[in-house]
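Colleague: First the structure, then my questions, so here it is.
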Amino acid sequence: MRRLIVLSVAALLAASAAAAAPKAAKAPPPPKDSDWRTPDAANVLIIDTNKGRVIVELVPEVAPEHVKQMLKLAHERAYDGRTFFRVIDRFMVQTGDVPAPGDGKDTVPTLKAEFTFRRGADSRFVAVNAPQGTETGLLLSLPVISQHISYTEMTSDKKVAAWGTYCPGVVGMARDDNPDSATSQFFMMRYAYPSLDKRYTAFGRVISGQEVIRAIKTGEPVEAPQDVMQTVRVLADIPEAERPKIRIIDAKSPWFGAYADQVKKAKGADFSVCDLELPVEVK
C-alpha cells in the first residue's frame, strides 16, 4: 500500500440490547456526565470533505512520530485539497499525497515504522478481554492488542509490546515495500482488516463520520472526479467560537465497562474489540 462516528447513545443501547436478547442481558442505563471525556483539541483532526465531515482522534502514545508529522502537515494546511485516490470497498480509503515543491525536493521526511509500542502499567489502555496471554481493549478511542501486563515481570523496561488493531475507522500510514518509507499518505478503514496489524503504523481513529468514509467513491485508482478533503485542520487551530464541541465516552468509565460486558456476553466466543463502538456527541 503506497504513497469511528457520531453515535446516538439511545441507538447504541437499543442495538446492544437486541444483540444480547437471546441471553437476556440487561442494557446499561444511559451514561452520566462523568462517563464522558473531552478529547485533547491538540490531537484531533477536523477533515471536511465534499461528502461530509470526519473527525479523527490521534493517539501519540502509540506512534509519537507519526502523530507529530500528521499534526505538522495539518497545521501547515498541506492536506487541504488532497483527493481520495485509492478507495477499496470493504477495506479502506487512501489519501494525503502531499506533493513535493517545484524544485523536486520532498520536504516531507520519511518516518521510521512504529508498528508496535511499549505499554507500561501507567498506560491509559483499558483491557476488555484477555485471550491466550494477550489483552485487547482501548487506548482512548483506538482499539489495541497487547501482551498481557503480567509479562512486565520478565521485561527489563517493565513494559510489554502492544499495537493498534485495524478495526473500522482506524487510521494508518501508507508506505511502500520499505517499512520505513511512510511520509504523508494515510488511510482510514471502511471495515475491519486485522491482517494489517503490525505491518502498517496505526495512530488514530475516526470518532465521527464513519458513514462519510464509507460513502467515498471507490476505485483503484479512483476515476475522476475524485472525492476530496477540502480542509484538514487541527481542532486547537480553529477559533474557539467556531470549534465543534466534542465529547466521547471514556473507556475507563463505569458505563463503558457495563456496555463492554454486555457485548462480550452477547458475542460469546466470537467477541472482538472491533465490536465495541464509543458513543460520541458533536455540537
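Residue names in the C-alpha cells use chain letters A, B, ... in the order shown, residue numbers from 1 in each chain, and ligand numbers from 1 in the order shown.
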Please tabulate, as CSV, the residues of range 108-215 of chain A that come within 12 Å of range 240-248 of chain A, each with its closest pair of atoms and the distance in Å to one decimal, counting only C-alpha atoms and ordering rows by chain, then residue number upward.

Modeller:
residue,atom,partner,partner_atom,distance
A:Leu140,CA,A:Ile248,CA,9.4
A:Ser141,CA,A:Ile248,CA,8.5
A:Val206,CA,A:Ile248,CA,11.8
A:Ile207,CA,A:Ile248,CA,8.2
A:Ser208,CA,A:Ile246,CA,9.5

Colleague: Could you dump the residues just selected with N, CA and C atoms as an mmCIF file, in the first residue's frame?

Modeller:
data_model
loop_
_atom_site.group_PDB
_atom_site.id
_atom_site.type_symbol
_atom_site.label_atom_id
_atom_site.label_comp_id
_atom_site.auth_asym_id
_atom_site.auth_seq_id
_atom_site.Cartn_x
_atom_site.Cartn_y
_atom_site.Cartn_z
ATOM 1 N N LEU A 140 -7.669 5.296 24.743
ATOM 2 C CA LEU A 140 -8.562 6.367 24.304
ATOM 3 C C LEU A 140 -9.582 5.746 23.358
ATOM 4 N N SER A 141 -9.611 6.155 22.081
ATOM 5 C CA SER A 141 -10.577 5.568 21.151
ATOM 6 C C SER A 141 -9.985 4.452 20.306
ATOM 7 N N VAL A 206 -11.145 7.308 13.497
ATOM 8 C CA VAL A 206 -12.305 8.148 13.191
ATOM 9 C C VAL A 206 -13.300 7.999 14.342
ATOM 10 N N ILE A 207 -13.631 9.100 14.996
ATOM 11 C CA ILE A 207 -14.615 9.052 16.077
ATOM 12 C C ILE A 207 -15.959 9.639 15.645
ATOM 13 N N SER A 208 -15.985 10.287 14.506
ATOM 14 C CA SER A 208 -17.231 10.804 13.939
ATOM 15 C C SER A 208 -17.067 10.860 12.428
#

Colleague: Tell me, as a PyMOL selection string, which residues lie within 10 Å of range 69-82 of chain A, counting only C-alpha atoms; anything in the same chain fewer than 4 positions away does not count.

Modeller: chain A and resi 42-49+58+64-65+95-99+108-111+173+183-186+203+226-237

Colleague: Could you pull the residues within 12 Å of range 149-158 of chain A, counting only C-alpha atoms, minus those fewer than 6 positions along the same chain, as a list in words?

Modeller: Arg118, Arg119, Gly120, Ala121, Asp122, Ser123, Phe125, Val126, Ala127, Ala130, Gly133, Thr134, Glu135 and Thr136 of chain A

Colleague: At what distance in Å, to one decimal, does CA of Pro39 in chain A lie from CA of Ser181 in chain A?

Modeller: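 Computing it gives 29.6 Å between the two atoms.
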
Colleague: For CA of Asn50 in chain A and CA of Arg214 in chain A, quote the distance in Å rounded to one decimal.

Modeller: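 CA of Arg214 in chain A lies 13.1 Å from CA of Asn50 in chain A.
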
Colleague: So which one's closest to Val93 in chain A, A:Ala161, A:Ala174, A:Ala224, A:Val263? Using only C-alpha atoms, please.

Modeller: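 Of A:Ala161, A:Ala174, A:Ala224, A:Val263, the one nearest Val93 in chain A is A:Ala174, counting only C-alpha atoms.
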
Colleague: Can you pull out every residue from range 56-165 of chain A that DSSP, working from the backbone, puts in strand (DSSP E), and format the result as number ranges by chain?

Modeller: A: 56-58, 86-88, 92-95, 117-119, 125-129, 134-139, 142-147, 160-164

Colleague: Given the selection you just returned, output its residues as a file containing N, CA and C atoms, formatted as a compact mmCIF listing (two decimals), in the first residue's frame.

Modeller:
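again-v6.txt, freshly written:
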# COMPACT_ATOMS: atom_id res chain seq x y z
N VAL A 56 -11.15 12.86 13.55
CA VAL A 56 -10.17 11.83 13.89
C VAL A 56 -9.49 12.19 15.21
N GLU A 57 -9.42 11.23 16.13
CA GLU A 57 -8.62 11.41 17.33
C GLU A 57 -7.28 10.72 17.13
N LEU A 58 -6.19 11.47 17.27
CA LEU A 58 -4.85 10.93 17.17
C LEU A 58 -4.39 10.48 18.56
N ARG A 86 -7.31 6.26 -3.87
CA ARG A 86 -7.37 4.78 -3.85
C ARG A 86 -8.37 4.38 -2.77
N VAL A 87 -9.49 3.82 -3.19
CA VAL A 87 -10.57 3.51 -2.26
C VAL A 87 -11.10 2.13 -2.61
N ILE A 88 -11.02 1.19 -1.65
CA ILE A 88 -11.43 -0.18 -1.88
C ILE A 88 -12.56 -0.52 -0.93
N MET A 92 -10.56 0.12 2.75
CA MET A 92 -10.10 1.41 3.26
C MET A 92 -10.18 2.49 2.20
N VAL A 93 -9.99 3.77 2.65
CA VAL A 93 -9.83 4.92 1.75
C VAL A 93 -8.44 5.50 1.97
N GLN A 94 -7.75 5.82 0.88
CA GLN A 94 -6.37 6.33 0.96
C GLN A 94 -6.30 7.74 0.39
N THR A 95 -5.55 8.60 1.06
CA THR A 95 -5.46 10.00 0.69
C THR A 95 -4.17 10.59 1.25
N PHE A 117 4.26 -0.45 20.10
CA PHE A 117 4.74 0.48 21.12
C PHE A 117 4.88 -0.28 22.43
N ARG A 118 5.56 0.33 23.39
CA ARG A 118 5.77 -0.30 24.68
C ARG A 118 4.73 0.23 25.67
N ARG A 119 4.00 -0.67 26.27
CA ARG A 119 2.92 -0.31 27.18
C ARG A 119 3.30 -0.68 28.61
N PHE A 125 -4.38 2.54 28.53
CA PHE A 125 -5.04 1.38 27.95
C PHE A 125 -6.03 0.77 28.94
N VAL A 126 -7.23 0.41 28.42
CA VAL A 126 -8.26 -0.23 29.21
C VAL A 126 -8.55 -1.60 28.60
N ALA A 127 -8.22 -2.66 29.32
CA ALA A 127 -8.43 -4.01 28.82
C ALA A 127 -9.90 -4.41 28.95
N VAL A 128 -10.40 -5.10 27.93
CA VAL A 128 -11.77 -5.60 27.98
C VAL A 128 -11.82 -7.12 27.83
N ASN A 129 -10.70 -7.72 27.43
CA ASN A 129 -10.66 -9.16 27.25
C ASN A 129 -9.21 -9.61 27.36
N THR A 134 -2.81 -12.56 25.98
CA THR A 134 -2.83 -11.19 25.48
C THR A 134 -3.96 -10.43 26.18
N GLU A 135 -4.02 -9.14 25.91
CA GLU A 135 -5.15 -8.32 26.35
C GLU A 135 -5.60 -7.49 25.16
N THR A 136 -6.90 -7.35 25.00
CA THR A 136 -7.44 -6.45 23.99
C THR A 136 -8.27 -5.39 24.69
N GLY A 137 -8.28 -4.21 24.11
CA GLY A 137 -9.04 -3.13 24.73
C GLY A 137 -8.88 -1.86 23.96
N LEU A 138 -9.05 -0.73 24.65
CA LEU A 138 -8.98 0.59 24.02
C LEU A 138 -7.94 1.45 24.71
N LEU A 139 -7.22 2.21 23.92
CA LEU A 139 -6.37 3.28 24.43
C LEU A 139 -6.97 4.56 23.87
N LEU A 142 -8.67 4.25 20.38
CA LEU A 142 -8.00 3.30 19.49
C LEU A 142 -8.06 1.87 20.02
N PRO A 143 -8.58 0.92 19.24
CA PRO A 143 -8.55 -0.48 19.66
C PRO A 143 -7.11 -1.00 19.61
N VAL A 144 -6.71 -1.70 20.67
CA VAL A 144 -5.32 -2.12 20.84
C VAL A 144 -5.28 -3.57 21.28
N ILE A 145 -4.27 -4.28 20.78
CA ILE A 145 -3.93 -5.61 21.26
C ILE A 145 -2.58 -5.53 21.95
N SER A 146 -2.43 -6.21 23.08
CA SER A 146 -1.21 -6.10 23.88
C SER A 146 -0.85 -7.45 24.46
N GLN A 147 0.45 -7.64 24.67
CA GLN A 147 0.86 -8.73 25.53
C GLN A 147 0.24 -8.50 26.91
N VAL A 160 5.34 -4.00 28.08
CA VAL A 160 5.05 -5.07 27.14
C VAL A 160 4.74 -4.48 25.77
N ALA A 161 4.83 -5.32 24.74
CA ALA A 161 4.55 -4.88 23.37
C ALA A 161 3.04 -4.76 23.16
N ALA A 162 2.64 -3.72 22.43
CA ALA A 162 1.24 -3.50 22.10
C ALA A 162 1.16 -2.85 20.73
N TRP A 163 -0.01 -2.93 20.11
CA TRP A 163 -0.17 -2.36 18.77
C TRP A 163 -1.63 -2.06 18.50
N GLY A 164 -1.87 -1.05 17.68
CA GLY A 164 -3.22 -0.74 17.24
C GLY A 164 -3.70 -1.81 16.29

Colleague: So the first atom is CA of Glu61 in chain A and the second is CA of Ala202 in chain A; what is the distance between them in Å, to one decimal place?

Modeller: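 Between these atoms lies a distance of 11.0 Å.
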
Colleague: Select from range 54-235 of chain A everything DSSP, run on the backbone, classes as helix (DSSP H, G or I), then give the selection as a list of chain:residue names.

Modeller: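 Helix (DSSP H, G or I) members of range 54-235 of chain A, listed: A:Pro64, A:Glu65, A:His66, A:Val67, A:Lys68, A:Gln69, A:Met70, A:Leu71, A:Lys72, A:Leu73, A:Ala74, A:His75, A:Ile149, A:Ser150, A:Tyr151, A:Thr152, A:Glu153, A:Met154, A:Pro194, A:Ser195, A:Leu196, A:Gln210, A:Glu211, A:Val212, A:Ile213, A:Leu235.
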